[in-house]
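> Okay, so here is protein.csv, and as you'll see once you scroll down, it has CSV, C-alpha atoms.
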```
chain,number,residue,atom,x,y,z
A,10,MET,CA,-18.9,5.3,18.7
A,11,THR,CA,-16.6,5.9,21.7
A,12,GLU,CA,-13.4,7.8,21.3
A,13,THR,CA,-10.6,6.5,23.6
A,14,SER,CA,-7.2,8.2,24.2
A,15,ILE,CA,-4.0,6.4,24.7
A,16,PRO,CA,-1.8,7.2,27.7
A,17,ARG,CA,1.5,8.7,26.7
A,18,ALA,CA,4.6,6.5,27.1
A,19,GLU,CA,7.2,7.7,29.5
A,20,GLN,CA,10.0,8.9,27.3
A,21,SER,CA,11.9,5.8,27.7
A,22,LEU,CA,6.8,0.3,20.4
A,23,ASP,CA,7.5,-1.5,14.7
A,24,GLU,CA,6.9,-4.0,13.1
A,25,GLU,CA,4.1,-5.0,11.7
A,26,GLU,CA,0.4,-5.0,11.9
A,27,THR,CA,-1.9,-7.9,11.5
A,28,ALA,CA,-5.2,-6.1,11.1
A,29,PRO,CA,-8.0,-8.3,9.8
A,30,LEU,CA,-9.5,-5.5,7.8
A,31,ALA,CA,-7.7,-2.5,6.3
A,32,VAL,CA,-10.5,0.0,5.6
A,33,ASP,CA,-8.7,2.1,3.1
A,34,GLY,CA,-6.9,-0.8,1.4
A,35,ASP,CA,-3.6,0.5,2.5
A,36,ASP,CA,-0.9,-2.1,3.2
A,37,THR,CA,1.3,0.2,5.3
A,38,GLU,CA,1.6,-2.5,8.0
A,39,ALA,CA,2.6,-5.3,5.6
A,40,ASP,CA,6.0,-5.5,7.3
A,41,ASP,CA,4.3,-6.4,10.5
A,42,THR,CA,2.9,-9.7,9.2
A,43,GLU,CA,4.6,-13.0,9.2
A,44,ALA,CA,5.0,-14.5,5.8
A,45,ASP,CA,4.0,-18.1,5.3
A,46,ASP,CA,6.9,-20.3,4.1
A,47,ASP,CA,5.9,-23.5,2.1
A,48,THR,CA,8.6,-25.7,0.7
A,49,GLY,CA,6.7,-29.0,0.2
A,50,THR,CA,8.8,-31.1,2.5
A,51,ALA,CA,9.7,-31.0,6.2
A,52,ALA,CA,13.4,-31.3,5.3
A,53,GLY,CA,13.1,-28.6,2.8
A,54,THR,CA,11.4,-26.4,5.3
A,55,ARG,CA,14.1,-27.0,7.9
A,56,ALA,CA,16.8,-26.2,5.4
A,57,LYS,CA,15.1,-23.1,4.1
A,58,LYS,CA,14.5,-21.9,7.7
A,59,ALA,CA,18.1,-22.5,8.6
A,60,VAL,CA,19.3,-20.3,5.7
A,61,GLY,CA,16.7,-17.7,6.6
A,62,GLU,CA,17.9,-17.6,10.2
A,63,GLY,CA,21.4,-16.9,9.0
A,64,ASP,CA,20.2,-14.2,6.6
A,65,LEU,CA,18.2,-12.6,9.4
A,66,PHE,CA,21.1,-12.6,11.8
A,67,ARG,CA,23.3,-11.1,9.1
A,68,GLN,CA,20.7,-8.3,8.7
A,69,SER,CA,20.9,-7.7,12.5
A,70,GLU,CA,24.7,-7.5,12.3
A,71,ILE,CA,24.6,-5.0,9.5
A,72,ALA,CA,22.0,-3.0,11.3
A,73,ALA,CA,24.0,-3.0,14.6
A,74,ASP,CA,27.1,-1.7,12.7
A,75,TYR,CA,25.0,1.1,11.2
A,76,VAL,CA,23.5,2.0,14.6
A,77,GLU,CA,26.9,2.0,16.2
A,78,GLY,CA,28.1,4.4,13.6
A,79,LEU,CA,25.1,6.7,14.2
A,80,LEU,CA,25.8,6.7,18.0
A,81,ASP,CA,29.4,7.6,17.4
A,82,ILE,CA,28.4,10.5,15.1
A,83,LEU,CA,25.8,11.7,17.6
A,84,ASP,CA,28.1,11.2,20.6
A,85,TYR,CA,25.8,8.8,22.4
A,86,ASP,CA,26.9,5.9,24.6
A,87,GLY,CA,25.0,2.6,24.5
A,88,ASP,CA,25.4,-1.1,24.4
A,89,ILE,CA,24.1,-2.7,21.2
A,90,ASP,CA,22.8,-6.2,21.0
A,91,GLU,CA,21.8,-7.9,17.7
A,92,LEU,CA,19.6,-10.9,17.6
A,93,VAL,CA,16.8,-12.7,15.8
A,94,ALA,CA,13.4,-13.0,17.6
A,95,ALA,CA,10.0,-14.1,16.4
A,96,GLY,CA,11.4,-14.6,12.9
A,97,ARG,CA,12.8,-11.1,12.4
A,98,PRO,CA,16.1,-9.4,13.0
A,99,MET,CA,16.4,-7.1,15.9
A,100,VAL,CA,18.8,-4.5,17.3
A,101,GLU,CA,18.5,-3.2,20.9
A,102,VAL,CA,20.3,-0.2,22.2
A,103,VAL,CA,20.6,-0.1,26.0
A,104,GLY,CA,22.1,2.8,28.0
A,105,GLU,CA,21.4,6.0,29.8
A,106,ARG,CA,20.4,9.4,28.3
A,107,LEU,CA,19.0,7.9,25.1
A,108,GLN,CA,15.7,9.6,25.2
A,109,ASN,CA,16.4,11.9,22.3
A,110,LEU,CA,16.8,8.8,20.1
A,111,VAL,CA,13.2,7.8,21.0
A,112,GLY,CA,11.4,11.1,20.6
A,113,GLN,CA,7.8,11.9,21.3
A,114,ARG,CA,5.7,8.8,21.0
A,115,GLY,CA,8.7,7.0,19.5
A,116,ALA,CA,8.7,9.2,16.4
A,117,THR,CA,12.5,9.5,16.3
A,118,LEU,CA,12.9,5.8,16.9
A,119,GLU,CA,10.6,5.0,14.0
A,120,ALA,CA,12.7,7.3,11.7
A,121,LEU,CA,15.9,5.7,12.9
A,122,GLN,CA,14.5,2.3,12.3
A,123,GLU,CA,13.6,3.2,8.7
A,124,LEU,CA,17.1,4.5,8.1
A,125,THR,CA,18.6,1.3,9.5
A,126,ARG,CA,16.3,-0.8,7.4
A,127,LEU,CA,17.5,1.2,4.4
A,128,ALA,CA,21.1,0.6,5.3
A,129,VAL,CA,20.4,-3.2,5.5
A,130,PHE,CA,18.7,-3.1,2.1
A,131,ARG,CA,21.6,-1.3,0.5
A,132,GLN,CA,24.0,-4.0,1.6
A,133,THR,CA,21.8,-7.1,1.0
A,134,GLY,CA,19.4,-6.0,-1.7
A,135,THR,CA,16.6,-7.5,0.4
A,136,PRO,CA,13.9,-5.5,2.2
A,137,SER,CA,14.2,-5.9,5.9
A,138,ARG,CA,11.6,-6.2,8.7
A,139,LEU,CA,14.3,-5.2,11.2
A,140,LEU,CA,13.0,-4.0,14.6
A,141,LEU,CA,15.0,-1.4,16.4
A,142,ASP,CA,14.5,-0.7,20.1
A,143,VAL,CA,16.2,2.0,22.2
A,144,GLY,CA,16.2,2.1,26.0
A,145,GLY,CA,13.4,-0.6,26.2
A,146,TYR,CA,10.9,1.8,24.7
A,147,ARG,CA,9.0,-0.7,22.7
A,148,ALA,CA,8.7,-3.2,25.5
A,149,ASN,CA,7.3,-0.5,27.8
A,150,ARG,CA,5.0,0.7,25.1
A,151,ARG,CA,3.6,-2.8,24.5
A,152,LYS,CA,2.5,-3.0,28.1
A,153,GLU,CA,0.8,0.3,27.9
A,154,LEU,CA,-1.0,-0.6,24.7
A,155,ALA,CA,-2.1,-3.9,26.1
A,156,ALA,CA,-3.9,-2.0,28.8
A,157,VAL,CA,-5.4,0.3,26.3
A,158,ALA,CA,-6.6,-2.6,24.2
A,159,LYS,CA,-8.1,-4.4,27.2
A,160,ASN,CA,-9.9,-1.3,28.3
A,161,ALA,CA,-11.4,-0.9,24.8
A,162,VAL,CA,-12.5,-4.5,24.7
A,163,GLU,CA,-14.3,-4.0,28.1
A,164,LYS,CA,-16.2,-1.0,26.8
A,165,VAL,CA,-17.2,-2.8,23.6
A,166,LYS,CA,-18.5,-5.8,25.6
A,167,GLU,CA,-20.3,-3.6,28.1
A,168,TYR,CA,-22.0,-1.2,25.6
A,169,GLY,CA,-22.0,-3.2,22.4
A,170,GLU,CA,-20.7,-0.2,20.5
A,171,PRO,CA,-17.4,0.2,18.5
A,172,VAL,CA,-14.6,2.0,20.2
A,173,ARG,CA,-12.2,4.1,18.1
A,174,LEU,CA,-8.7,4.5,19.4
A,175,GLU,CA,-6.5,7.5,18.6
A,176,ALA,CA,-4.0,7.5,15.7
A,177,MET,CA,-1.1,5.1,16.2
A,178,SER,CA,2.0,4.0,14.4
A,179,ALA,CA,2.1,0.6,12.7
A,180,PHE,CA,4.0,-0.8,15.6
A,181,GLU,CA,1.4,0.4,18.1
A,182,ARG,CA,-1.5,-0.8,16.0
A,183,LYS,CA,0.1,-4.3,15.8
A,184,CYS,CA,0.4,-4.4,19.6
A,185,VAL,CA,-3.3,-3.6,20.0
A,186,HIS,CA,-4.4,-6.0,17.2
A,187,ASP,CA,-2.5,-8.8,18.9
A,188,VAL,CA,-4.3,-8.3,22.2
A,189,VAL,CA,-7.8,-7.8,20.7
A,190,ASN,CA,-7.5,-10.8,18.4
A,191,ALA,CA,-6.6,-13.0,21.3
A,192,MET,CA,-10.0,-12.2,23.0
A,193,SER,CA,-13.4,-13.7,22.1
A,194,GLY,CA,-16.4,-11.7,21.1
A,195,VAL,CA,-14.5,-8.7,19.7
A,196,ALA,CA,-12.6,-7.8,16.6
A,197,SER,CA,-10.3,-5.0,15.5
A,198,GLU,CA,-9.7,-3.2,12.2
A,199,SER,CA,-7.6,-0.3,11.0
A,200,GLU,CA,-9.0,2.7,9.2
A,201,GLY,CA,-7.7,5.9,7.7
A,202,VAL,CA,-4.4,6.8,6.2
A,203,GLU,CA,-1.0,7.7,7.8
A,204,PRO,CA,-0.3,9.6,9.9
A,205,ASN,CA,-3.9,9.4,11.2
A,206,ARG,CA,-4.4,5.7,10.8
A,207,ARG,CA,-6.2,4.2,13.8
A,208,ILE,CA,-7.8,1.1,15.2
A,209,VAL,CA,-11.5,0.5,15.7
A,210,VAL,CA,-12.5,-2.3,18.2
A,211,ARG,CA,-16.0,-3.6,17.6
A,212,PRO,CA,-18.2,-6.6,18.5
A,213,ALA,CA,-17.3,-9.7,16.5
A,214,ASP,CA,-19.7,-10.6,13.7
```
Please express what this file holds, its structure, as structure tokens.


Amino acid sequence: MTETSIPRAEQSLDEEETAPLAVDGDDTEADDTEADDDTGTAAGTRAKKAVGEGDLFRQSEIAADYVEGLLDILDYDGDIDELVAAGRPMVEVVGERLQNLVGQRGATLEALQELTRLAVFRQTGTPSRLLLDVGGYRANRRKELAAVAKNAVEKVKEYGEPVRLEAMSAFERKCVHDVVNAMSGVASESEGVEPNRRIVVRPAD
């Protein structure tokens, strides 16, 4: 089996892994999956989705207020945008000198995201799949991980052997799974437990 390293992101990503097979049975990435929503009728579906959109935007507003408070306490300047994208609430912080809020490999950002999700939960009573981004880190990381995934796929197709990637966060694993699952002839699965959970890319059965 080939071991492949991931290029480090420039200090500049959360939510939610769709691995077809979790080797250790762990559901750590459950918040990265989209939940199916069946209501029985088209009208019911539209109505439920409309309410859901409002709830999601409310979550993003709560999260934005919480993040704004954190920035004030930490004396950081940044523009905060709240939105709903891909069926989940999002908060984006844009500005300069925000790198300390990202941390090495996005570790600080992940911790801030969990704190923000907790703040949303405390106000709504509903677990949130909120995605927090700072300084465009997650968008940049997606591009890097797409290249990593494609490189792993090329090696699997060339040598016919599984390729094990280094340990990643749930957000990073989802990015890789999305790329691999869109390609034919290969499959990806997660193995191990946090913080050493990683992806294995292998030939499809």

> Using all atoms listed in the file, which residues sit within 12 Å of Asn109 of chain A once same-chain residues fewer than 5 positions away are excluded, as a short mmCIF file (atom, residue, chain, number, x, y, z; two decimals) with C-alpha atoms, in the coordinates of the input?


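So the final result, stored in out-v3.cif, reads:
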```
data_model
loop_
_atom_site.label_atom_id
_atom_site.label_comp_id
_atom_site.auth_asym_id
_atom_site.auth_seq_id
_atom_site.Cartn_x
_atom_site.Cartn_y
_atom_site.Cartn_z
CA GLN A 20 10.00 8.90 27.30
CA SER A 21 11.90 5.80 27.70
CA LEU A 80 25.80 6.70 18.00
CA LEU A 83 25.80 11.70 17.60
CA ASP A 84 28.10 11.20 20.60
CA TYR A 85 25.80 8.80 22.40
CA ARG A 114 5.70 8.80 21.00
CA GLY A 115 8.70 7.00 19.50
CA ALA A 116 8.70 9.20 16.40
CA THR A 117 12.50 9.50 16.30
CA LEU A 118 12.90 5.80 16.90
CA LEU A 121 15.90 5.70 12.90
CA VAL A 143 16.20 2.00 22.20
CA GLY A 144 16.20 2.10 26.00
CA TYR A 146 10.90 1.80 24.70
#
```

> Taking into account all atoms listed in the file, which residue in the set A:Pro204, A:Pro212, A:Gly145, A:Pro171 is nearest to Val103 of chain A?

A:Gly145

> Restricting the calculation to all atoms listed in the file: of A:Ala179, A:Ala128, A:Ala120, A:Val162, which residue gets closest to Ser197 of chain A?

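Among the listed residues, A:Val162 lies closest to Ser197 of chain A.
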
> One number please: atom CA of Asp90 of chain A to atom CA of Tyr75 of chain A, in Å, one decimal.

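About the pair atom CA of Asp90 of chain A and atom CA of Tyr75 of chain A: they are 12.4 Å apart.
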
> Quick one, how far is atom CA of Ile71 of chain A from atom CA of Gly112 of chain A?

23.6 Å

> How many Å lie between atom CA of Ala196 of chain A and atom CA of Ala155 of chain A, rounded to one decimal?

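Going from atom CA of Ala196 of chain A over to atom CA of Ala155 of chain A covers 14.7 Å.
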
> What's the 10 Å shell around Pro136 of chain A, counting all atoms listed in the file, without same-chain residues fewer than 5 positions away, as a PyMOL selection string?

chain A and resi 40+68+126-131

> Could you list, as a list in words, every residue within 8 Å of Arg182 of chain A, counting all atoms listed in the file and ignoring same-chain residues fewer than 3 positions away?

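Once the nearby chain positions are removed, what remains is Glu26, Met177, Ser178, Ala179, Val185, His186, Ser199, Arg207 and Ile208 of chain A.
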
> From the set A:Ala73, A:Leu154, A:Val188, A:Ala161, which residue has the shortest atom-to-atom contact distance to Leu140 of chain A, counting only C-alpha atoms?

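Selected residue with least distance to Leu140 of chain A: A:Ala73.
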
> Could you tell me which of A:Ala72, A:Leu141, A:Ala158, A:Val209 comes closest to Val111 of chain A if we count only C-alpha atoms?

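With only C-alpha atoms as the atom set, the closest residue is A:Leu141.
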